[in-house]
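Q: Sharing protein.txt here; it has compact mmCIF, C-alpha atoms (C1' of nucleotides).
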```txt
# COMPACT_ATOMS: atom_id res chain seq x y z
CA MET A 1 34.27 60.18 1.82
CA ASN A 2 30.92 61.24 3.15
CA THR A 3 30.32 60.92 6.88
CA GLU A 4 26.73 61.97 7.41
CA ASN A 5 23.45 61.95 5.47
CA LYS A 6 21.60 58.92 6.62
CA LYS A 7 18.10 60.34 6.65
CA ARG A 8 15.51 57.73 7.24
CA GLU A 9 12.74 59.80 5.63
CA SER A 10 9.99 57.92 7.39
CA GLY A 11 8.18 61.17 8.19
CA CYS A 12 8.39 60.45 11.91
CA PRO A 13 9.45 63.39 14.09
CA VAL A 14 11.45 61.14 16.40
CA ALA A 15 13.43 59.77 13.45
CA PHE A 16 13.84 63.30 12.10
CA GLY A 17 15.34 64.46 15.37
CA LEU A 18 17.64 61.47 15.65
CA ASP A 19 18.84 61.92 12.08
CA THR A 20 19.64 65.53 12.82
CA PHE A 21 21.39 65.36 16.20
CA GLY A 22 21.11 61.74 17.34
CA ASP A 23 24.67 60.55 16.97
CA ARG A 24 27.34 59.82 19.53
CA TRP A 25 28.69 63.40 19.65
CA SER A 26 26.30 66.11 18.44
CA LEU A 27 24.46 66.65 21.71
CA LEU A 28 27.76 66.68 23.58
CA ILE A 29 28.92 69.57 21.41
CA ILE A 30 25.60 71.32 22.07
CA ARG A 31 26.17 70.68 25.77
CA GLU A 32 29.64 72.25 25.61
CA ILE A 33 28.04 75.39 24.24
CA MET A 34 24.93 75.48 26.42
CA LEU A 35 26.38 74.38 29.73
CA LYS A 36 29.99 75.37 29.46
CA GLY A 37 29.86 78.41 27.22
CA LYS A 38 32.37 77.04 24.72
CA ARG A 39 32.45 78.38 21.18
CA THR A 40 35.58 77.30 19.30
CA TYR A 41 36.97 74.16 17.75
CA SER A 42 39.86 73.97 20.19
CA GLU A 43 37.57 74.44 23.18
CA PHE A 44 35.38 71.58 21.95
CA LEU A 45 38.47 69.39 21.54
CA GLU A 46 39.17 69.77 25.27
CA ALA A 47 35.84 68.18 26.26
CA ASP A 48 36.12 65.49 28.95
CA GLU A 49 34.99 62.71 26.63
CA GLY A 50 37.88 63.29 24.20
CA ILE A 51 36.43 63.72 20.74
CA ALA A 52 38.76 63.02 17.83
CA SER A 53 39.55 66.04 15.68
CA ASN A 54 38.27 64.49 12.44
CA ILE A 55 34.99 63.52 14.07
CA LEU A 56 34.64 66.96 15.59
CA VAL A 57 35.06 68.62 12.19
CA ALA A 58 32.53 66.25 10.66
CA ARG A 59 29.97 66.93 13.38
CA LEU A 60 30.48 70.71 13.23
CA LYS A 61 29.99 70.66 9.46
CA HIS A 62 26.90 68.50 9.83
CA LEU A 63 25.35 70.68 12.53
CA GLU A 64 26.08 73.78 10.48
CA ALA A 65 24.51 72.16 7.41
CA GLU A 66 21.46 71.30 9.52
CA GLY A 67 21.12 74.93 10.59
CA ILE A 68 21.81 74.22 14.25
CA LEU A 69 25.17 75.96 14.42
CA ASN A 70 26.41 79.11 12.78
CA LYS A 71 30.10 79.49 11.96
CA SER A 72 31.70 82.91 11.84
CA ARG A 73 35.12 84.48 12.26
CA ASP A 74 36.09 85.61 15.70
CA PRO A 75 36.45 89.39 15.42
CA ASP A 76 39.03 89.40 18.23
CA ASN A 77 41.20 86.58 16.85
CA ARG A 78 41.53 86.28 13.13
CA ARG A 79 42.65 82.65 13.19
CA ALA A 80 39.66 81.49 15.25
CA PHE A 81 36.09 80.69 14.29
CA ILE A 82 33.10 80.98 16.54
CA TYR A 83 30.39 78.35 16.48
CA ALA A 84 27.15 79.75 17.85
CA LEU A 85 23.73 78.17 18.24
CA THR A 86 20.94 79.27 15.94
CA LYS A 87 17.33 79.45 17.11
CA LYS A 88 16.97 75.88 15.89
CA GLY A 89 19.95 74.92 18.03
CA ARG A 90 18.77 76.82 21.11
CA ASP A 91 15.45 75.02 20.79
CA LEU A 92 17.30 71.82 21.69
CA ALA A 93 17.58 73.10 25.26
CA PRO A 94 14.48 71.26 26.54
CA ILE A 95 15.78 67.98 25.15
CA LEU A 96 19.12 68.42 26.88
CA LEU A 97 17.29 69.39 30.03
CA GLU A 98 15.13 66.27 29.99
CA ILE A 99 18.17 64.06 29.39
CA ILE A 100 19.86 65.63 32.41
CA ILE A 101 16.74 65.08 34.52
CA TRP A 102 16.47 61.46 33.40
CA SER A 103 20.11 60.79 34.22
CA GLY A 104 19.68 62.50 37.55
CA LEU A 105 16.93 60.00 38.31
CA HIS A 106 18.69 56.90 37.04
CA ASP A 107 22.45 57.35 37.16
CA GLU A 108 23.64 55.67 40.35
CA ARG A 109 27.18 57.01 40.18
CA PRO A 110 28.29 60.10 42.07
CA VAL A 111 27.60 62.72 39.44
CA ALA A 112 29.53 65.92 39.08
CA LEU A 113 26.51 67.95 38.05
CA ARG A 114 24.33 67.08 41.04
CA GLY A 115 24.17 70.81 41.77
CA VAL A 116 22.69 71.35 38.35
CA LEU A 117 19.83 69.00 39.19
CA GLU A 118 18.89 71.05 42.24
CA LYS A 119 18.95 74.18 40.13
CA ILE A 120 16.60 72.53 37.68
CA GLN A 121 14.19 71.47 40.40
CA ASN A 122 14.19 74.92 41.96
CA ASP A 123 13.81 76.89 38.76
CA ARG A 124 13.37 74.83 35.65
CA GLU A 125 12.37 77.70 33.39
CA GLY A 126 15.28 79.82 34.53
CA PHE A 127 17.67 76.97 33.93
CA GLU A 128 16.29 76.34 30.46
CA ALA A 129 16.64 80.04 29.66
CA SER A 130 20.26 79.93 30.79
CA LEU A 131 20.90 76.97 28.51
CA ARG A 132 19.49 78.87 25.58
CA LYS A 133 21.89 81.68 26.24
CA GLY A 134 24.87 79.30 26.19
CA MET B 1 31.30 39.87 19.09
CA ASN B 2 30.27 42.63 21.41
CA THR B 3 28.04 45.37 20.06
CA GLU B 4 27.52 47.77 22.92
CA ASN B 5 29.39 48.99 26.01
CA LYS B 6 31.03 52.23 25.07
CA LYS B 7 30.54 54.12 28.30
CA ARG B 8 32.39 57.37 28.36
CA GLU B 9 32.45 57.56 32.15
CA SER B 10 32.92 61.31 32.18
CA GLY B 11 30.35 61.68 34.95
CA CYS B 12 28.25 63.95 32.76
CA PRO B 13 24.50 63.23 32.75
CA VAL B 14 24.21 64.08 29.06
CA ALA B 15 26.93 61.56 28.19
CA PHE B 16 25.31 59.03 30.52
CA GLY B 17 22.01 59.36 28.72
CA LEU B 18 23.60 59.15 25.27
CA ASP B 19 25.58 56.07 26.27
CA THR B 20 22.39 54.42 27.45
CA PHE B 21 19.91 55.19 24.66
CA GLY B 22 21.75 57.51 22.26
CA ASP B 23 22.33 55.27 19.28
CA ARG B 24 20.65 55.13 15.90
CA TRP B 25 17.82 52.82 16.99
CA SER B 26 17.09 52.68 20.73
CA LEU B 27 14.74 55.65 20.89
CA LEU B 28 12.91 54.39 17.81
CA ILE B 29 12.20 51.13 19.60
CA ILE B 30 11.00 53.12 22.61
CA ARG B 31 8.79 55.11 20.23
CA GLU B 32 7.30 51.93 18.81
CA ILE B 33 6.27 50.96 22.32
CA MET B 34 5.15 54.37 23.57
CA LEU B 35 3.42 55.72 20.50
CA LYS B 36 2.37 52.61 18.68
CA GLY B 37 1.80 50.16 21.49
CA LYS B 38 4.10 47.51 20.05
CA ARG B 39 5.58 44.85 22.30
CA THR B 40 7.17 42.03 20.34
CA TYR B 41 10.26 41.44 18.24
CA SER B 42 8.26 40.85 15.07
CA GLU B 43 6.21 44.01 15.61
CA PHE B 44 9.42 46.03 16.02
CA LEU B 45 10.78 44.51 12.83
CA GLU B 46 7.85 46.03 10.94
CA ALA B 47 8.78 49.60 11.88
CA ASP B 48 8.78 52.07 8.99
CA GLU B 49 12.51 52.67 9.18
CA GLY B 50 13.34 49.01 8.57
CA ILE B 51 15.65 47.85 11.32
CA ALA B 52 17.78 44.80 10.57
CA SER B 53 17.01 41.76 12.71
CA ASN B 54 20.55 41.42 14.11
CA ILE B 55 20.61 45.10 15.10
CA LEU B 56 17.17 44.80 16.67
CA VAL B 57 18.29 41.86 18.80
CA ALA B 58 21.41 43.74 19.86
CA ARG B 59 19.42 46.85 20.84
CA LEU B 60 16.80 44.84 22.72
CA LYS B 61 19.51 43.04 24.68
CA HIS B 62 21.24 46.32 25.40
CA LEU B 63 18.07 48.07 26.56
CA GLU B 64 17.21 45.09 28.72
CA ALA B 65 20.70 45.10 30.22
CA GLU B 66 20.32 48.83 30.92
CA GLY B 67 17.07 48.18 32.79
CA ILE B 68 14.93 50.08 30.29
CA LEU B 69 13.09 47.09 28.91
CA ASN B 70 11.81 43.96 30.56
CA LYS B 71 11.52 40.74 28.60
CA SER B 72 8.95 38.13 29.52
CA ARG B 73 7.01 35.36 27.85
CA ASP B 74 3.66 36.24 26.38
CA PRO B 75 1.11 34.29 28.47
CA ASP B 76 -1.27 34.16 25.49
CA ASN B 77 1.30 32.97 22.97
CA ARG B 78 4.01 30.75 24.33
CA ARG B 79 6.36 31.28 21.43
CA ALA B 80 6.32 35.06 21.75
CA PHE B 81 8.13 37.39 24.13
CA ILE B 82 6.84 40.69 25.39
CA TYR B 83 9.18 43.62 25.77
CA ALA B 84 7.73 46.11 28.23
CA LEU B 85 9.09 49.39 29.51
CA THR B 86 10.33 49.56 33.08
CA LYS B 87 9.94 52.70 35.19
CA LYS B 88 13.36 53.75 33.91
CA GLY B 89 12.11 53.27 30.37
CA ARG B 90 8.80 55.08 30.94
CA ASP B 91 10.78 57.99 32.34
CA LEU B 92 12.14 58.53 28.83
CA ALA B 93 8.72 59.86 27.81
CA PRO B 94 9.58 63.55 28.36
CA ILE B 95 12.68 63.20 26.18
CA LEU B 96 10.68 61.65 23.37
CA LEU B 97 8.07 64.34 23.83
CA GLU B 98 10.62 67.15 23.53
CA ILE B 99 12.14 65.58 20.43
CA ILE B 100 8.68 65.47 18.85
CA ILE B 101 8.06 69.11 19.78
CA TRP B 102 11.44 70.15 18.38
CA SER B 103 10.79 68.34 15.11
CA GLY B 104 7.34 69.86 14.95
CA LEU B 105 8.98 73.28 15.08
CA HIS B 106 11.79 72.60 12.63
CA ASP B 107 10.85 69.82 10.21
CA GLU B 108 9.61 71.51 7.05
CA ARG B 109 8.27 68.36 5.44
CA PRO B 110 4.64 67.38 5.61
CA VAL B 111 4.69 65.31 8.74
CA ALA B 112 2.37 62.41 9.40
CA LEU B 113 2.13 63.06 13.10
CA ARG B 114 1.00 66.69 12.83
CA GLY B 115 -2.11 65.67 14.76
CA VAL B 116 0.11 64.51 17.58
CA LEU B 117 1.59 67.98 17.86
CA GLU B 118 -1.82 69.53 18.37
CA LYS B 119 -2.58 66.98 21.04
CA ILE B 120 0.65 67.91 22.78
CA GLN B 121 -0.16 71.61 22.66
CA ASN B 122 -3.66 71.07 23.99
CA ASP B 123 -2.77 68.66 26.78
CA ARG B 124 0.92 68.07 27.24
CA GLU B 125 0.60 66.26 30.55
CA GLY B 126 -2.10 63.99 29.26
CA PHE B 127 -0.03 63.16 26.21
CA GLU B 128 3.02 62.40 28.32
CA ALA B 129 0.91 60.15 30.54
CA SER B 130 -0.33 58.29 27.48
CA LEU B 131 3.26 57.77 26.32
CA ARG B 132 4.15 56.29 29.67
CA LYS B 133 1.35 53.79 29.33
CA GLY B 134 2.64 52.65 25.93
C1' DA C 1 5.95 14.92 11.06
C1' DT C 2 5.12 18.84 8.60
C1' DG C 3 4.66 23.46 7.99
C1' DA C 4 4.03 28.02 9.81
C1' DC C 5 5.29 31.33 13.23
C1' DG C 6 8.22 34.04 16.32
C1' DT C 7 12.77 34.82 17.67
C1' DA C 8 17.06 34.80 16.83
C1' DT C 9 22.19 33.87 14.62
C1' DT C 10 25.75 33.90 11.03
C1' DG C 11 28.68 35.59 7.27
C1' DC C 12 30.13 39.18 4.76
C1' DA C 13 30.26 43.95 2.64
C1' DT C 14 29.89 48.73 3.75
C1' DT C 15 30.07 52.64 6.74
C1' DT C 16 31.41 55.05 10.73
C1' DT C 17 34.50 55.76 14.44
C1' DG C 18 38.86 56.30 16.66
C1' DC C 19 43.72 57.35 16.85
C1' DA C 20 48.17 59.35 15.45
C1' DA C 21 50.45 62.11 12.55
C1' DG C 22 50.77 65.76 9.30
C1' DT C 23 49.13 70.40 6.97
C1' DT C 24 47.84 75.32 6.32
C1' DA C 25 47.18 79.82 7.86
C1' DT C 26 47.59 83.35 11.24
C1' DT C 27 49.69 85.51 15.18
C1' DT C 28 53.46 86.21 18.68
C1' DT C 29 58.18 86.04 20.13
C1' DT C 30 62.92 86.68 19.43
C1' DA D 1 62.37 88.59 9.26
C1' DA D 2 62.91 83.85 11.08
C1' DA D 3 61.26 80.77 14.47
C1' DA D 4 57.85 79.21 17.51
C1' DA D 5 53.22 78.91 18.92
C1' DT D 6 48.29 78.83 18.08
C1' DA D 7 43.93 77.52 15.72
C1' DA D 8 41.62 74.88 12.54
C1' DC D 9 41.64 71.36 9.96
C1' DT D 10 43.24 66.76 6.84
C1' DT D 11 45.00 62.23 5.92
C1' DG D 12 45.91 57.30 6.45
C1' DC D 13 44.92 53.34 8.47
C1' DA D 14 42.93 50.07 12.06
C1' DA D 15 38.86 48.87 14.69
C1' DA D 16 34.08 48.77 15.47
C1' DA D 17 29.26 49.23 14.24
C1' DT D 18 25.75 48.83 10.80
C1' DG D 19 23.19 46.82 7.08
C1' DC D 20 21.66 42.90 4.29
C1' DA D 21 20.58 38.22 3.02
C1' DA D 22 20.38 33.77 4.30
C1' DT D 23 19.89 30.33 7.65
C1' DA D 24 18.68 28.10 12.24
C1' DC D 25 16.04 26.99 16.40
C1' DG D 26 12.15 26.38 19.35
C1' DT D 27 7.01 26.39 19.75
C1' DC D 28 2.47 25.31 18.08
C1' DA D 29 -1.52 23.73 15.06
C1' DT D 30 -2.93 20.09 12.04
```
Could I get this structure in the form of structure tokens?

A:
Amino acid sequence: MNTENKKRESGCPVAFGLDTFGDRWSLLIIREIMLKGKRTYSEFLEADEGIASNILVARLKHLEAEGILNKSRDPDNRRAFIYALTKKGRDLAPILLEIIIWSGLHDERPVALRGVLEKIQNDREGFEASLRKG
Amino acid sequence: MNTENKKRESGCPVAFGLDTFGDRWSLLIIREIMLKGKRTYSEFLEADEGIASNILVARLKHLEAEGILNKSRDPDNRRAFIYALTKKGRDLAPILLEIIIWSGLHDERPVALRGVLEKIQNDREGFEASLRKG
DNA sequence: ATGACGTATTGCATTTTGCAAGTTATTTTT
DNA sequence: AAAAATAACTTGCAAAATGCAATACGTCAT
């Protein structure tokens, strides 16, 4: 019935991070917000990787419980909810950035976001700031 | 029988990274090498989080297949193997570093590695270089 | 050859993921 | 006001990954 809560409680910051956002989907949801400006459940569902709706709900609940996302009603559409990053969530930007840089170095395939890598090299701080804004 | 290979093939660098090292254990093994200087199967088994031996073997094989680890015989102990980071593996240092920084900011618990955080603040580049060396 | 060490493998229970279909509540269209 | 569409979930069940305990296989030292 439960689908989260597997804290390792070793006191290690790496384990703490992984327990908080280190599953198969959490960082992809964060990416949808930071890089693609998405904010709603149905927008997340459209992600290229095809997340299942039950998993998406579970991850959104988890990330909200962890204080990384904030859920509120969309003032312009009363049947929609908006998921926004908290400070804690925006602070994940450097991690996402470093993952992108690493993949840029080591992914041999023709990558769609090659332009993003140039942006990062030209103005890393600016790019990170843009991530934080969503 | 298989226990890996779930590439999403979306072309996204974030997904690429997660598919390569984004499971429950891979980055913890990398941490054992980078932060604690471990190199062998039995040393990894002793990690605080208590990884099961079958999972450890699966992760080591996966990371080797991904070109992140290199397995070789220990010249000083012919029944032991040494798992060392490749360039691709050492390049994960900034990601680990950012995860540690993020946890330092947001983990409320008394954290063992608080000293590490000060080191990072005082000399980030030096710390990253030390990670790369293992 | 025996026992200890280091590295695995196997079997089985539990947990998590993935997929397809169904549900509830709120708009919009007719 | 009834019907259709939209948005956010929920449920049931199969498949895969994880976790745990026990066992096995090659060195190596005596």

Q: Please, can I see chain A fitted onto chain B by all in-order Cα atoms (least squares), as a PDB file with C-alpha atoms, keeping the file's coordinate frame?

A:
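Contents of selection-v3.pdb, as written:
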```
ATOM      1  CA  MET A   1      31.539  39.959  19.046  1.00  0.00           C
ATOM      2  CA  ASN A   2      30.376  42.649  21.396  1.00  0.00           C
ATOM      3  CA  THR A   3      28.110  45.351  20.003  1.00  0.00           C
ATOM      4  CA  GLU A   4      27.544  47.755  22.862  1.00  0.00           C
ATOM      5  CA  ASN A   5      29.395  48.960  25.967  1.00  0.00           C
ATOM      6  CA  LYS A   6      31.017  52.181  25.005  1.00  0.00           C
ATOM      7  CA  LYS A   7      30.522  54.080  28.232  1.00  0.00           C
ATOM      8  CA  ARG A   8      32.346  57.326  28.267  1.00  0.00           C
ATOM      9  CA  GLU A   9      32.417  57.498  32.077  1.00  0.00           C
ATOM     10  CA  SER A  10      32.941  61.228  32.134  1.00  0.00           C
ATOM     11  CA  GLY A  11      30.366  61.621  34.908  1.00  0.00           C
ATOM     12  CA  CYS A  12      28.268  63.912  32.728  1.00  0.00           C
ATOM     13  CA  PRO A  13      24.524  63.202  32.736  1.00  0.00           C
ATOM     14  CA  VAL A  14      24.211  64.051  29.051  1.00  0.00           C
ATOM     15  CA  ALA A  15      26.921  61.523  28.177  1.00  0.00           C
ATOM     16  CA  PHE A  16      25.303  58.997  30.511  1.00  0.00           C
ATOM     17  CA  GLY A  17      21.994  59.341  28.715  1.00  0.00           C
ATOM     18  CA  LEU A  18      23.564  59.116  25.281  1.00  0.00           C
ATOM     19  CA  ASP A  19      25.536  56.029  26.263  1.00  0.00           C
ATOM     20  CA  THR A  20      22.356  54.397  27.463  1.00  0.00           C
ATOM     21  CA  PHE A  21      19.872  55.178  24.682  1.00  0.00           C
ATOM     22  CA  GLY A  22      21.680  57.529  22.297  1.00  0.00           C
ATOM     23  CA  ASP A  23      22.239  55.297  19.309  1.00  0.00           C
ATOM     24  CA  ARG A  24      20.580  55.188  15.925  1.00  0.00           C
ATOM     25  CA  TRP A  25      17.766  52.824  16.997  1.00  0.00           C
ATOM     26  CA  SER A  26      17.052  52.693  20.737  1.00  0.00           C
ATOM     27  CA  LEU A  27      14.685  55.649  20.898  1.00  0.00           C
ATOM     28  CA  LEU A  28      12.871  54.385  17.816  1.00  0.00           C
ATOM     29  CA  ILE A  29      12.159  51.122  19.620  1.00  0.00           C
ATOM     30  CA  ILE A  30      10.967  53.121  22.638  1.00  0.00           C
ATOM     31  CA  ARG A  31       8.772  55.112  20.263  1.00  0.00           C
ATOM     32  CA  GLU A  32       7.251  51.923  18.833  1.00  0.00           C
ATOM     33  CA  ILE A  33       6.225  50.964  22.344  1.00  0.00           C
ATOM     34  CA  MET A  34       5.121  54.376  23.600  1.00  0.00           C
ATOM     35  CA  LEU A  35       3.388  55.713  20.521  1.00  0.00           C
ATOM     36  CA  LYS A  36       2.332  52.601  18.708  1.00  0.00           C
ATOM     37  CA  GLY A  37       1.756  50.146  21.522  1.00  0.00           C
ATOM     38  CA  LYS A  38       4.075  47.503  20.085  1.00  0.00           C
ATOM     39  CA  ARG A  39       5.568  44.855  22.342  1.00  0.00           C
ATOM     40  CA  THR A  40       7.159  42.012  20.372  1.00  0.00           C
ATOM     41  CA  TYR A  41      10.239  41.438  18.279  1.00  0.00           C
ATOM     42  CA  SER A  42       8.248  40.882  15.106  1.00  0.00           C
ATOM     43  CA  GLU A  43       6.192  44.024  15.660  1.00  0.00           C
ATOM     44  CA  PHE A  44       9.392  46.044  16.067  1.00  0.00           C
ATOM     45  CA  LEU A  45      10.755  44.534  12.846  1.00  0.00           C
ATOM     46  CA  GLU A  46       7.800  46.030  10.955  1.00  0.00           C
ATOM     47  CA  ALA A  47       8.739  49.607  11.916  1.00  0.00           C
ATOM     48  CA  ASP A  48       8.733  52.070   9.003  1.00  0.00           C
ATOM     49  CA  GLU A  49      12.471  52.682   9.197  1.00  0.00           C
ATOM     50  CA  GLY A  50      13.308  49.005   8.588  1.00  0.00           C
ATOM     51  CA  ILE A  51      15.618  47.859  11.346  1.00  0.00           C
ATOM     52  CA  ALA A  52      17.775  44.830  10.597  1.00  0.00           C
ATOM     53  CA  SER A  53      17.013  41.786  12.724  1.00  0.00           C
ATOM     54  CA  ASN A  54      20.543  41.466  14.130  1.00  0.00           C
ATOM     55  CA  ILE A  55      20.594  45.119  15.133  1.00  0.00           C
ATOM     56  CA  LEU A  56      17.167  44.817  16.692  1.00  0.00           C
ATOM     57  CA  VAL A  57      18.285  41.878  18.837  1.00  0.00           C
ATOM     58  CA  ALA A  58      21.399  43.763  19.892  1.00  0.00           C
ATOM     59  CA  ARG A  59      19.422  46.853  20.871  1.00  0.00           C
ATOM     60  CA  LEU A  60      16.781  44.843  22.757  1.00  0.00           C
ATOM     61  CA  LYS A  61      19.500  43.040  24.710  1.00  0.00           C
ATOM     62  CA  HIS A  62      21.234  46.326  25.446  1.00  0.00           C
ATOM     63  CA  LEU A  63      18.060  48.072  26.597  1.00  0.00           C
ATOM     64  CA  GLU A  64      17.182  45.095  28.768  1.00  0.00           C
ATOM     65  CA  ALA A  65      20.687  45.106  30.260  1.00  0.00           C
ATOM     66  CA  GLU A  66      20.293  48.827  30.959  1.00  0.00           C
ATOM     67  CA  GLY A  67      17.042  48.181  32.816  1.00  0.00           C
ATOM     68  CA  ILE A  68      14.905  50.095  30.336  1.00  0.00           C
ATOM     69  CA  LEU A  69      13.053  47.102  28.936  1.00  0.00           C
ATOM     70  CA  ASN A  70      11.778  43.981  30.603  1.00  0.00           C
ATOM     71  CA  LYS A  71      11.521  40.748  28.623  1.00  0.00           C
ATOM     72  CA  SER A  72       8.949  38.136  29.535  1.00  0.00           C
ATOM     73  CA  ARG A  73       7.034  35.315  27.886  1.00  0.00           C
ATOM     74  CA  ASP A  74       3.709  36.143  26.366  1.00  0.00           C
ATOM     75  CA  PRO A  75       1.181  34.164  28.413  1.00  0.00           C
ATOM     76  CA  ASP A  76      -1.160  33.957  25.408  1.00  0.00           C
ATOM     77  CA  ASN A  77       1.458  32.799  22.885  1.00  0.00           C
ATOM     78  CA  ARG A  78       4.195  30.549  24.104  1.00  0.00           C
ATOM     79  CA  ARG A  79       6.546  31.295  21.214  1.00  0.00           C
ATOM     80  CA  ALA A  80       6.390  35.070  21.721  1.00  0.00           C
ATOM     81  CA  PHE A  81       8.158  37.367  24.151  1.00  0.00           C
ATOM     82  CA  ILE A  82       6.846  40.651  25.408  1.00  0.00           C
ATOM     83  CA  TYR A  83       9.153  43.616  25.798  1.00  0.00           C
ATOM     84  CA  ALA A  84       7.705  46.111  28.251  1.00  0.00           C
ATOM     85  CA  LEU A  85       9.066  49.402  29.540  1.00  0.00           C
ATOM     86  CA  THR A  86      10.303  49.592  33.107  1.00  0.00           C
ATOM     87  CA  LYS A  87       9.910  52.738  35.201  1.00  0.00           C
ATOM     88  CA  LYS A  88      13.329  53.766  33.928  1.00  0.00           C
ATOM     89  CA  GLY A  89      12.075  53.292  30.380  1.00  0.00           C
ATOM     90  CA  ARG A  90       8.780  55.111  30.949  1.00  0.00           C
ATOM     91  CA  ASP A  91      10.773  58.014  32.352  1.00  0.00           C
ATOM     92  CA  LEU A  92      12.129  58.551  28.838  1.00  0.00           C
ATOM     93  CA  ALA A  93       8.713  59.878  27.826  1.00  0.00           C
ATOM     94  CA  PRO A  94       9.593  63.563  28.357  1.00  0.00           C
ATOM     95  CA  ILE A  95      12.674  63.203  26.176  1.00  0.00           C
ATOM     96  CA  LEU A  96      10.662  61.660  23.362  1.00  0.00           C
ATOM     97  CA  LEU A  97       8.073  64.362  23.816  1.00  0.00           C
ATOM     98  CA  GLU A  98      10.628  67.154  23.534  1.00  0.00           C
ATOM     99  CA  ILE A  99      12.145  65.578  20.419  1.00  0.00           C
ATOM    100  CA  ILE A 100       8.692  65.474  18.837  1.00  0.00           C
ATOM    101  CA  ILE A 101       8.090  69.117  19.762  1.00  0.00           C
ATOM    102  CA  TRP A 102      11.461  70.161  18.355  1.00  0.00           C
ATOM    103  CA  SER A 103      10.817  68.342  15.092  1.00  0.00           C
ATOM    104  CA  GLY A 104       7.370  69.854  14.923  1.00  0.00           C
ATOM    105  CA  LEU A 105       9.023  73.266  15.058  1.00  0.00           C
ATOM    106  CA  HIS A 106      11.824  72.575  12.610  1.00  0.00           C
ATOM    107  CA  ASP A 107      10.857  69.806  10.212  1.00  0.00           C
ATOM    108  CA  GLU A 108       9.655  71.497   7.033  1.00  0.00           C
ATOM    109  CA  ARG A 109       8.293  68.347   5.426  1.00  0.00           C
ATOM    110  CA  PRO A 110       4.636  67.374   5.611  1.00  0.00           C
ATOM    111  CA  VAL A 111       4.712  65.263   8.742  1.00  0.00           C
ATOM    112  CA  ALA A 112       2.411  62.371   9.402  1.00  0.00           C
ATOM    113  CA  LEU A 113       2.147  63.069  13.110  1.00  0.00           C
ATOM    114  CA  ARG A 114       1.020  66.687  12.817  1.00  0.00           C
ATOM    115  CA  GLY A 115      -2.093  65.677  14.755  1.00  0.00           C
ATOM    116  CA  VAL A 116       0.116  64.530  17.580  1.00  0.00           C
ATOM    117  CA  LEU A 117       1.625  68.003  17.843  1.00  0.00           C
ATOM    118  CA  GLU A 118      -1.792  69.574  18.345  1.00  0.00           C
ATOM    119  CA  LYS A 119      -2.549  67.022  21.022  1.00  0.00           C
ATOM    120  CA  ILE A 120       0.666  67.953  22.768  1.00  0.00           C
ATOM    121  CA  GLN A 121      -0.106  71.657  22.642  1.00  0.00           C
ATOM    122  CA  ASN A 122      -3.620  71.127  23.947  1.00  0.00           C
ATOM    123  CA  ASP A 123      -2.738  68.739  26.737  1.00  0.00           C
ATOM    124  CA  ARG A 124       0.935  68.112  27.211  1.00  0.00           C
ATOM    125  CA  GLU A 125       0.624  66.329  30.539  1.00  0.00           C
ATOM    126  CA  GLY A 126      -2.100  64.056  29.246  1.00  0.00           C
ATOM    127  CA  PHE A 127      -0.034  63.203  26.213  1.00  0.00           C
ATOM    128  CA  GLU A 128       3.021  62.440  28.318  1.00  0.00           C
ATOM    129  CA  ALA A 129       0.911  60.203  30.552  1.00  0.00           C
ATOM    130  CA  SER A 130      -0.340  58.344  27.490  1.00  0.00           C
ATOM    131  CA  LEU A 131       3.231  57.805  26.337  1.00  0.00           C
ATOM    132  CA  ARG A 132       4.131  56.328  29.682  1.00  0.00           C
ATOM    133  CA  LYS A 133       1.329  53.852  29.349  1.00  0.00           C
ATOM    134  CA  GLY A 134       2.594  52.706  25.938  1.00  0.00           C
TER     135      GLY A 134
END
```

Q: Can I get the residues of chain A within 8 Å of chain C, each with the closest pair of atoms and their distance in Å to one decimal, using all atoms listed in the file, sorted chain first then ascending number, as CSV?

A:
```
residue,atom,partner,partner_atom,distance
A:Thr3,CA,C:DT16,C1',7.1
A:Ala52,CA,C:DG18,C1',6.8
A:Ile55,CA,C:DT17,C1',7.8
A:Arg78,CA,C:DT26,C1',7.0
A:Arg79,CA,C:DT26,C1',5.4
```

Q: Give me, please, the distance in Å between atom CA of Arg39 of chain B and atom CA of Ser72 of chain B, quoted to one decimal.

A: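 A separation of 10.4 Å between them.
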
Q: For chain A against chain D, which residues fall within 9 Å using all atoms listed in the file, given as a ChimeraX atom specification?

A: /A:41-42,53-54,57,79-81

Q: Considering all atoms listed in the file, return as a ChimeraX atom specification whatever protein or nucleic-acid residues lie within 8 Å of Pro94 of chain B, sequence-local ones (same chain, fewer than 4 positions apart) excluded.

A: /A:98 /B:98,128

Q: Show me, as a ChimeraX atom specification, every residue of chain A with an atom at most 9 Å from chain B, counting only C-alpha atoms.

A: /A:8-19,22-25,27-28,31,48-49,88,91-92,94-107,109-113

Q: Find the axis-aligned box for segment 10-19 of chain A, covering all its listed atoms and adding 8 Å on each side, and write its centre and edge lengths in Å to one decimal as AutoDock Vina command-line options.

A:
```
--center_x 13.5 --center_y 61.2 --center_z 11.9 --size_x 26.7 --size_y 22.5 --size_z 25.0
```

Q: One decimal, Å: what's the distance from atom CA of Arg90 of chain A over to atom CA of Leu35 of chain A, could you say?

A: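 Separation of atom CA of Arg90 of chain A and atom CA of Leu35 of chain A: 11.8 Å.
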
Q: Give me, please, the distance in Å between atom CA of Leu85 of chain B and atom CA of Ile30 of chain A, quoted to one decimal.

A: 28.4 Å

Q: Choose the residue, out of B:Ile29, B:Arg59, B:Arg124, B:Glu64, that has the smallest atom-to-atom separation from Glu43 of chain B; count only C-alpha atoms.

A: B:Ile29
